[in-house]
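One structure is given below, encoded as structure tokens.
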Amino acid sequence: MMQSENSSLSYVDDIENVARLLFSPLFICDGILSQKAFTLDKDSNENYISVLRPAIDSFNTDFEGIKKEGNILYGYALLNVGEIRNCHIPYHKKIEFDVLPRNAGKRKSHAGIFTTINNTKIKGGMPQTIERLLARSFLVKIAQKNIVQF
């Protein structure tokens, strides 16, 4: 994949798409995308949802070696960064998202979707709330629009 003029390793532009790798049956069961695809690990301090950037040259090789024990790689969901950042959840104006590069060593196309609720950055291990459920539901809604199956 060719790196676009608008892609940069230091900034993720609103016109870009990011890809959330999907594993079955962990994230996809009977062809249905689960909210688990956008849930932070409850036993860690994970503070973003890992995604890859198709606009970066290394995208195709970056997902090699990524595994989830007991699961098979189903494909990926493409989410538009501008749509993520411009999230509108009725009656919950305090749910915000950002997408930032997270150059993870050899994976140059790695990025993260960060969630802020009521000015608090969300991380794994925090109590589940209705706002966190709504945030995940919003991401699932966007992701369901464009799933690429292997």
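All residue names refer to the structure tokens as shown: chains lettered A, B, ... in order, residues numbered from 1 in each chain, ligands numbered from 1 in order.
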
Task: All strand (DSSP E) positions in chain A, as a count of residues only - done: 45

Task: Sel. of alpha helix (DSSP H) residues, chain A, as a PyMOL selection string - done: chain A and resi 59-62+81-85+130-143

Output C-alpha atoms for every residue in the selection just made, as a PDB file, in the first residue's frame.
ATOM      1  CA  PHE A  59       0.144  -1.716   6.957  1.00  0.00           C
ATOM      2  CA  ASN A  60       0.108  -5.065   5.140  1.00  0.00           C
ATOM      3  CA  THR A  61       3.059  -6.440   7.063  1.00  0.00           C
ATOM      4  CA  ASP A  62       2.211  -4.867  10.426  1.00  0.00           C
ATOM      5  CA  VAL A  81     -10.888   8.952  11.812  1.00  0.00           C
ATOM      6  CA  GLY A  82     -12.950  12.093  11.212  1.00  0.00           C
ATOM      7  CA  GLU A  83     -16.124  10.203  12.034  1.00  0.00           C
ATOM      8  CA  ILE A  84     -14.531   8.866  15.232  1.00  0.00           C
ATOM      9  CA  ARG A  85     -13.325  12.297  16.333  1.00  0.00           C
ATOM     10  CA  ILE A 130     -23.362   3.423  30.710  1.00  0.00           C
ATOM     11  CA  GLU A 131     -21.098   6.006  29.032  1.00  0.00           C
ATOM     12  CA  ARG A 132     -18.431   3.385  28.340  1.00  0.00           C
ATOM     13  CA  LEU A 133     -21.095   1.096  26.901  1.00  0.00           C
ATOM     14  CA  LEU A 134     -22.370   3.921  24.679  1.00  0.00           C
ATOM     15  CA  ALA A 135     -18.821   4.730  23.527  1.00  0.00           C
ATOM     16  CA  ARG A 136     -18.214   1.106  22.487  1.00  0.00           C
ATOM     17  CA  SER A 137     -21.620   0.970  20.781  1.00  0.00           C
ATOM     18  CA  PHE A 138     -20.697   4.063  18.764  1.00  0.00           C
ATOM     19  CA  LEU A 139     -17.439   2.465  17.581  1.00  0.00           C
ATOM     20  CA  VAL A 140     -19.223  -0.790  16.685  1.00  0.00           C
ATOM     21  CA  LYS A 141     -21.770   1.184  14.653  1.00  0.00           C
ATOM     22  CA  ILE A 142     -18.992   2.832  12.629  1.00  0.00           C
ATOM     23  CA  ALA A 143     -17.010  -0.406  12.277  1.00  0.00           C
TER      24      ALA A 143
END

TODO: Fewer than 4 positions away in the same chain doesn't count, so skip those; otherwise give me all residues within 12 Å of Lys68 (chain A), counting only C-alpha atoms, as a list of chain:residue names.
DONE: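 The neighbour list is A:Leu21, A:Leu22, A:Phe23, A:Ser24, A:Pro25, A:Leu26, A:Phe27, A:Ala37, A:Phe63, A:Ile72, A:Leu73, A:Tyr74.
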
Restricting it to C-alpha atoms, dump the selection as a PDB file, in the first residue's frame.
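Final output, saved to part32.pdb:
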ATOM      1  CA  LEU A  21      -8.163  -6.318  13.465  1.00  0.00           C
ATOM      2  CA  LEU A  22     -11.009  -8.738  14.106  1.00  0.00           C
ATOM      3  CA  PHE A  23     -10.559 -12.188  15.592  1.00  0.00           C
ATOM      4  CA  SER A  24     -13.128 -14.959  15.657  1.00  0.00           C
ATOM      5  CA  PRO A  25     -14.784 -15.954  17.911  1.00  0.00           C
ATOM      6  CA  LEU A  26     -13.380 -13.259  20.255  1.00  0.00           C
ATOM      7  CA  PHE A  27     -14.738 -10.245  18.311  1.00  0.00           C
ATOM      8  CA  ALA A  37     -13.714  -5.579  19.711  1.00  0.00           C
ATOM      9  CA  PHE A  63      -0.611  -7.265  11.262  1.00  0.00           C
ATOM     10  CA  ILE A  72      -8.365 -16.926  14.100  1.00  0.00           C
ATOM     11  CA  LEU A  73      -7.864 -13.650  12.239  1.00  0.00           C
ATOM     12  CA  TYR A  74     -11.244 -12.955  10.634  1.00  0.00           C
TER      13      TYR A  74
END

- [ ] May I ask which of the residues A:Phe114, A:Lys36, A:Val99, A:Cys29 is the closest one to Glu16 (chain A), counting only C-alpha atoms?
- [x] A:Val99

Task: CA of Ala77 (chain A) to CA of Ile89 (chain A), distance in Å rounded to a single decimal - done: 20.6 Å

Open item on the list: Using only C-alpha atoms, which protein or nucleic acid residues come within 9 Å of Val18 (chain A)? Drop anything in the same chain fewer than 3 positions from it, and give the result as a ChimeraX atom specification.
Closed with: /A:51-55,77-81,99,111

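CA of Tyr76 (chain A) sits 5.3 Å away from CA of Val148 (chain A).
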
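For Glu96 (chain A), the residues within 10 Å (counting only C-alpha atoms, excluding itself and residues fewer than 2 positions away along the chain) are Ile84, Arg85, Asn86, Cys87, His88, Ile89, His92, Lys93, Lys94, Asp98, Phe114, Thr115, Thr116, Ile117, Asn118, Asn119, Thr120, Lys121 and Ala135 of chain A.
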
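Of the listed residues (A:Asp57, A:Glu46, A:Glu69, A:Glu64), A:Glu46 comes nearest to Ile122 (chain A); the distances count only C-alpha atoms.
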
Open item on the list: To one decimal place in Å, what is the distance between CA of Pro101 (chain A) and CA of Gly65 (chain A)?
Closed with: 19.7 Å
